[in-house]
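**Q** My structure is stored as entry-v4.pdb, with PDB, C-alpha atoms, pLDDT in the B column.
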```pdb
ATOM      1  CA  MET A   1     -42.044 -42.912 -61.889  1.00 55.00           C
ATOM      2  CA  HIS A   2     -40.736 -46.407 -62.575  1.00 64.00           C
ATOM      3  CA  LYS A   3     -37.090 -46.927 -61.774  1.00 77.00           C
ATOM      4  CA  GLU A   4     -34.779 -49.616 -63.034  1.00 92.00           C
ATOM      5  CA  ILE A   5     -33.272 -50.898 -59.787  1.00 96.00           C
ATOM      6  CA  TYR A   6     -30.963 -53.872 -59.351  1.00 97.00           C
ATOM      7  CA  ARG A   7     -30.588 -55.752 -56.073  1.00 97.00           C
ATOM      8  CA  TYR A   8     -27.484 -57.835 -55.421  1.00 98.00           C
ATOM      9  CA  ALA A   9     -27.571 -60.496 -52.678  1.00 98.00           C
ATOM     10  CA  PHE A  10     -24.223 -61.932 -51.577  1.00 98.00           C
ATOM     11  CA  GLU A  11     -23.448 -65.377 -50.174  1.00 97.00           C
ATOM     12  CA  PRO A  12     -21.444 -65.657 -46.938  1.00 97.00           C
ATOM     13  CA  SER A  13     -18.347 -66.546 -48.978  1.00 95.00           C
ATOM     14  CA  ALA A  14     -18.140 -62.916 -50.170  1.00 97.00           C
ATOM     15  CA  ARG A  15     -16.623 -60.606 -47.562  1.00 97.00           C
ATOM     16  CA  MET A  16     -18.774 -57.489 -47.347  1.00 97.00           C
ATOM     17  CA  GLN A  17     -15.741 -55.240 -46.966  1.00 97.00           C
ATOM     18  CA  ASP A  18     -14.592 -56.531 -50.358  1.00 98.00           C
ATOM     19  CA  VAL A  19     -18.085 -55.980 -51.788  1.00 98.00           C
ATOM     20  CA  GLU A  20     -18.014 -52.375 -50.557  1.00 98.00           C
ATOM     21  CA  GLU A  21     -14.593 -51.826 -52.105  1.00 98.00           C
ATOM     22  CA  ALA A  22     -15.794 -53.272 -55.435  1.00 98.00           C
ATOM     23  CA  LEU A  23     -18.815 -50.950 -55.361  1.00 98.00           C
ATOM     24  CA  LEU A  24     -16.674 -47.908 -54.658  1.00 97.00           C
ATOM     25  CA  LEU A  25     -14.252 -48.909 -57.442  1.00 98.00           C
ATOM     26  CA  ALA A  26     -17.221 -49.208 -59.830  1.00 98.00           C
ATOM     27  CA  VAL A  27     -18.307 -45.695 -58.863  1.00 98.00           C
ATOM     28  CA  LEU A  28     -14.754 -44.435 -59.397  1.00 97.00           C
ATOM     29  CA  ALA A  29     -14.657 -46.120 -62.822  1.00 98.00           C
ATOM     30  CA  ALA A  30     -17.977 -44.455 -63.697  1.00 98.00           C
ATOM     31  CA  GLU A  31     -16.389 -41.114 -62.782  1.00 97.00           C
ATOM     32  CA  SER A  32     -13.707 -41.814 -65.372  1.00 97.00           C
ATOM     33  CA  LEU A  33     -16.419 -42.336 -67.990  1.00 96.00           C
ATOM     34  CA  HIS A  34     -18.907 -39.606 -67.016  1.00 97.00           C
ATOM     35  CA  GLY A  35     -17.023 -37.152 -64.821  1.00 97.00           C
ATOM     36  CA  GLN A  36     -17.208 -36.653 -61.069  1.00 96.00           C
ATOM     37  CA  SER A  37     -20.024 -34.098 -61.154  1.00 97.00           C
ATOM     38  CA  ARG A  38     -22.277 -36.280 -63.361  1.00 96.00           C
ATOM     39  CA  VAL A  39     -21.764 -39.280 -61.063  1.00 97.00           C
ATOM     40  CA  ARG A  40     -22.492 -37.141 -58.034  1.00 96.00           C
ATOM     41  CA  MET A  41     -25.751 -35.938 -59.605  1.00 96.00           C
ATOM     42  CA  ASP A  42     -26.944 -39.167 -61.260  1.00 96.00           C
ATOM     43  CA  ALA A  43     -25.630 -42.118 -59.227  1.00 96.00           C
ATOM     44  CA  SER A  44     -27.812 -43.768 -56.606  1.00 95.00           C
ATOM     45  CA  TYR A  45     -26.710 -46.845 -54.685  1.00 96.00           C
ATOM     46  CA  CYS A  46     -26.885 -48.394 -51.236  1.00 96.00           C
ATOM     47  CA  LEU A  47     -24.946 -51.137 -49.467  1.00 97.00           C
ATOM     48  CA  ASP A  48     -26.471 -52.960 -46.487  1.00 97.00           C
ATOM     49  CA  VAL A  49     -23.763 -54.982 -44.785  1.00 96.00           C
ATOM     50  CA  GLU A  50     -26.101 -56.735 -42.340  1.00 96.00           C
ATOM     51  CA  LYS A  51     -28.457 -57.899 -45.106  1.00 97.00           C
ATOM     52  CA  ARG A  52     -25.481 -58.718 -47.357  1.00 98.00           C
ATOM     53  CA  ALA A  53     -27.150 -56.717 -50.123  1.00 98.00           C
ATOM     54  CA  CYS A  54     -26.448 -53.881 -52.504  1.00 97.00           C
ATOM     55  CA  VAL A  55     -28.993 -51.857 -54.471  1.00 97.00           C
ATOM     56  CA  ILE A  56     -28.105 -49.765 -57.517  1.00 97.00           C
ATOM     57  CA  ASP A  57     -30.482 -47.458 -59.400  1.00 96.00           C
ATOM     58  CA  ALA A  58     -29.855 -47.965 -63.125  1.00 96.00           C
ATOM     59  CA  THR A  59     -32.346 -45.368 -64.355  1.00 94.00           C
ATOM     60  CA  THR A  60     -29.566 -43.135 -65.697  1.00 95.00           C
ATOM     61  CA  PRO A  61     -26.645 -43.983 -68.000  1.00 96.00           C
ATOM     62  CA  VAL A  62     -24.335 -43.443 -65.004  1.00 97.00           C
ATOM     63  CA  GLY A  63     -26.299 -45.963 -62.926  1.00 97.00           C
ATOM     64  CA  ARG A  64     -26.346 -48.496 -65.754  1.00 97.00           C
ATOM     65  CA  ASP A  65     -22.574 -48.219 -66.107  1.00 98.00           C
ATOM     66  CA  ILE A  66     -22.076 -48.627 -62.354  1.00 98.00           C
ATOM     67  CA  CYS A  67     -24.230 -51.791 -62.517  1.00 97.00           C
ATOM     68  CA  ARG A  68     -22.267 -53.214 -65.420  1.00 97.00           C
ATOM     69  CA  ILE A  69     -18.887 -52.432 -63.891  1.00 98.00           C
ATOM     70  CA  PHE A  70     -19.882 -53.646 -60.421  1.00 98.00           C
ATOM     71  CA  THR A  71     -21.305 -56.887 -61.825  1.00 98.00           C
ATOM     72  CA  GLY A  72     -18.078 -57.530 -63.727  1.00 98.00           C
ATOM     73  CA  PHE A  73     -15.973 -56.833 -60.648  1.00 98.00           C
ATOM     74  CA  ALA A  74     -18.189 -59.087 -58.495  1.00 98.00           C
ATOM     75  CA  ILE A  75     -17.994 -61.992 -60.952  1.00 97.00           C
ATOM     76  CA  ARG A  76     -14.226 -61.733 -61.157  1.00 97.00           C
ATOM     77  CA  GLU A  77     -13.670 -61.172 -57.412  1.00 96.00           C
ATOM     78  CA  PHE A  78     -16.240 -63.519 -55.854  1.00 97.00           C
ATOM     79  CA  GLY A  79     -17.300 -65.898 -58.633  1.00 96.00           C
ATOM     80  CA  GLU A  80     -20.565 -66.262 -60.507  1.00 95.00           C
ATOM     81  CA  ASN A  81     -22.203 -68.296 -57.737  1.00 96.00           C
ATOM     82  CA  ALA A  82     -21.296 -65.969 -54.845  1.00 97.00           C
ATOM     83  CA  PHE A  83     -24.124 -63.538 -55.546  1.00 97.00           C
ATOM     84  CA  LYS A  84     -27.463 -63.120 -57.246  1.00 97.00           C
ATOM     85  CA  VAL A  85     -28.641 -60.009 -59.029  1.00 96.00           C
ATOM     86  CA  LYS A  86     -32.182 -59.215 -60.068  1.00 95.00           C
ATOM     87  CA  ARG A  87     -34.053 -56.240 -61.385  1.00 93.00           C
ATOM     88  CA  VAL A  88     -36.686 -55.117 -58.913  1.00 90.00           C
ATOM     89  CA  ALA A  89     -39.434 -52.511 -58.782  1.00 70.00           C
ATOM     90  CA  ASP A  90     -39.047 -49.367 -56.685  1.00 57.00           C
ATOM     91  CA  VAL A  91     -37.778 -50.235 -53.234  1.00 53.00           C
ATOM     92  CA  PRO A  92     -40.014 -48.634 -50.585  1.00 54.00           C
ATOM     93  CA  GLY A  93     -38.103 -47.096 -47.725  1.00 52.00           C
ATOM     94  CA  ALA A  94     -34.811 -47.378 -49.565  1.00 50.00           C
ATOM     95  CA  PRO A  95     -32.068 -45.155 -48.185  1.00 48.00           C
ATOM     96  CA  HIS A  96     -31.339 -41.801 -49.777  1.00 47.00           C
ATOM     97  CA  PRO A  97     -29.179 -42.031 -52.921  1.00 48.00           C
ATOM     98  CA  GLN A  98     -25.477 -42.565 -52.413  1.00 50.00           C
ATOM     99  CA  GLU A  99     -25.771 -43.884 -48.843  1.00 49.00           C
ATOM    100  CA  VAL A 100     -23.224 -46.578 -48.224  1.00 47.00           C
ATOM    101  CA  THR A 101     -23.725 -48.289 -44.878  1.00 43.00           C
ATOM    102  CA  THR A 102     -20.741 -50.020 -43.324  1.00 37.00           C
TER     103      THR A 102
END
```
Turn the structure described in the file into structure tokens.
**A**
Amino acid sequence: MHKEIYRYAFEPSARMQDVEEALLLAVLAAESLHGQSRVRMDASYCLDVEKRACVIDATTPVGRDICRIFTGFAIREFGENAFKVKRVADVPGAPHPQEVTT
């Protein structure tokens, strides 16, 4: 099955603790839109602090909303040039959904 996955790569100017907080706020905002149980069932994301990267599965409406919200937060918090985002194919060996590594 093809998944719509987005990979965010952050420049050193973006503190990864702030990136993690923005991601968690995006998930919380998605809960306000879809409900906690729907987010728990349909959200899939991973943060890798060492690689300065975040991956979000946007296959579901919940995932797409998390991507949109997180992208908006990242632009506002870090600036348009502090990160790159691209849609990628399935990520082999990607962590289990909802793993956030700190």
**Q** Take the PyMOL selection byres ((chain A and resi 77) around 9), run it mentally on this structure, and tell me the resulting residues as a PDB file with C-alpha atoms, in the frame of the given file.
**A**
```
ATOM      1  CA  ALA A  14     -18.140 -62.916 -50.170  1.00 97.00           C
ATOM      2  CA  ASP A  18     -14.592 -56.531 -50.358  1.00 98.00           C
ATOM      3  CA  VAL A  19     -18.085 -55.980 -51.788  1.00 98.00           C
ATOM      4  CA  ALA A  22     -15.794 -53.272 -55.435  1.00 98.00           C
ATOM      5  CA  GLY A  72     -18.078 -57.530 -63.727  1.00 98.00           C
ATOM      6  CA  PHE A  73     -15.973 -56.833 -60.648  1.00 98.00           C
ATOM      7  CA  ALA A  74     -18.189 -59.087 -58.495  1.00 98.00           C
ATOM      8  CA  ILE A  75     -17.994 -61.992 -60.952  1.00 97.00           C
ATOM      9  CA  ARG A  76     -14.226 -61.733 -61.157  1.00 97.00           C
ATOM     10  CA  PHE A  78     -16.240 -63.519 -55.854  1.00 97.00           C
ATOM     11  CA  GLY A  79     -17.300 -65.898 -58.633  1.00 96.00           C
TER      12      GLY A  79
END
```
**Q** Translate the PyMOL selection byres ((chain A and resi 60-69) around 10), as applied to the file shown, into an explicit residue set as a ChimeraX atom specification.
**A** /A:3-8,22-31,33-35,38-45,55-59,70-74,85
**Q** Filtering to C-alpha atoms, could you give me those residues as an mmCIF file, keeping the file's coordinate frame?
**A**
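The resulting again_27.cif:
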```cif
data_model
loop_
_atom_site.group_PDB
_atom_site.id
_atom_site.type_symbol
_atom_site.label_atom_id
_atom_site.label_comp_id
_atom_site.auth_asym_id
_atom_site.auth_seq_id
_atom_site.Cartn_x
_atom_site.Cartn_y
_atom_site.Cartn_z
ATOM 1 C CA LYS A 3 -37.090 -46.927 -61.774
ATOM 2 C CA GLU A 4 -34.779 -49.616 -63.034
ATOM 3 C CA ILE A 5 -33.272 -50.898 -59.787
ATOM 4 C CA TYR A 6 -30.963 -53.872 -59.351
ATOM 5 C CA ARG A 7 -30.588 -55.752 -56.073
ATOM 6 C CA TYR A 8 -27.484 -57.835 -55.421
ATOM 7 C CA ALA A 22 -15.794 -53.272 -55.435
ATOM 8 C CA LEU A 23 -18.815 -50.950 -55.361
ATOM 9 C CA LEU A 24 -16.674 -47.908 -54.658
ATOM 10 C CA LEU A 25 -14.252 -48.909 -57.442
ATOM 11 C CA ALA A 26 -17.221 -49.208 -59.830
ATOM 12 C CA VAL A 27 -18.307 -45.695 -58.863
ATOM 13 C CA LEU A 28 -14.754 -44.435 -59.397
ATOM 14 C CA ALA A 29 -14.657 -46.120 -62.822
ATOM 15 C CA ALA A 30 -17.977 -44.455 -63.697
ATOM 16 C CA GLU A 31 -16.389 -41.114 -62.782
ATOM 17 C CA LEU A 33 -16.419 -42.336 -67.990
ATOM 18 C CA HIS A 34 -18.907 -39.606 -67.016
ATOM 19 C CA GLY A 35 -17.023 -37.152 -64.821
ATOM 20 C CA ARG A 38 -22.277 -36.280 -63.361
ATOM 21 C CA VAL A 39 -21.764 -39.280 -61.063
ATOM 22 C CA ARG A 40 -22.492 -37.141 -58.034
ATOM 23 C CA MET A 41 -25.751 -35.938 -59.605
ATOM 24 C CA ASP A 42 -26.944 -39.167 -61.260
ATOM 25 C CA ALA A 43 -25.630 -42.118 -59.227
ATOM 26 C CA SER A 44 -27.812 -43.768 -56.606
ATOM 27 C CA TYR A 45 -26.710 -46.845 -54.685
ATOM 28 C CA VAL A 55 -28.993 -51.857 -54.471
ATOM 29 C CA ILE A 56 -28.105 -49.765 -57.517
ATOM 30 C CA ASP A 57 -30.482 -47.458 -59.400
ATOM 31 C CA ALA A 58 -29.855 -47.965 -63.125
ATOM 32 C CA THR A 59 -32.346 -45.368 -64.355
ATOM 33 C CA PHE A 70 -19.882 -53.646 -60.421
ATOM 34 C CA THR A 71 -21.305 -56.887 -61.825
ATOM 35 C CA GLY A 72 -18.078 -57.530 -63.727
ATOM 36 C CA PHE A 73 -15.973 -56.833 -60.648
ATOM 37 C CA ALA A 74 -18.189 -59.087 -58.495
ATOM 38 C CA VAL A 85 -28.641 -60.009 -59.029
#
```
**Q** Between atom CA of A:Ala53 and atom CA of A:Phe10, what distance in Å does the model show, to one decimal?
**A** 6.2 Å
**Q** Quick one: distance from atom CA of A:Pro12 to atom CA of A:Phe83 in Å, one decimal?
**A** 9.3 Å
**Q** Quick one, how far is atom CA of A:Lys86 from atom CA of A:Ala9?
**A**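 Answer for the atom CA of A:Lys86 to atom CA of A:Ala9 separation: 8.8 Å.
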**Q** Between A:Val88, A:Glu20, A:Glu11, A:Glu80, which has the minimum distance to A:Asp48 (counting all atoms listed in the file)?
**A** A:Glu20
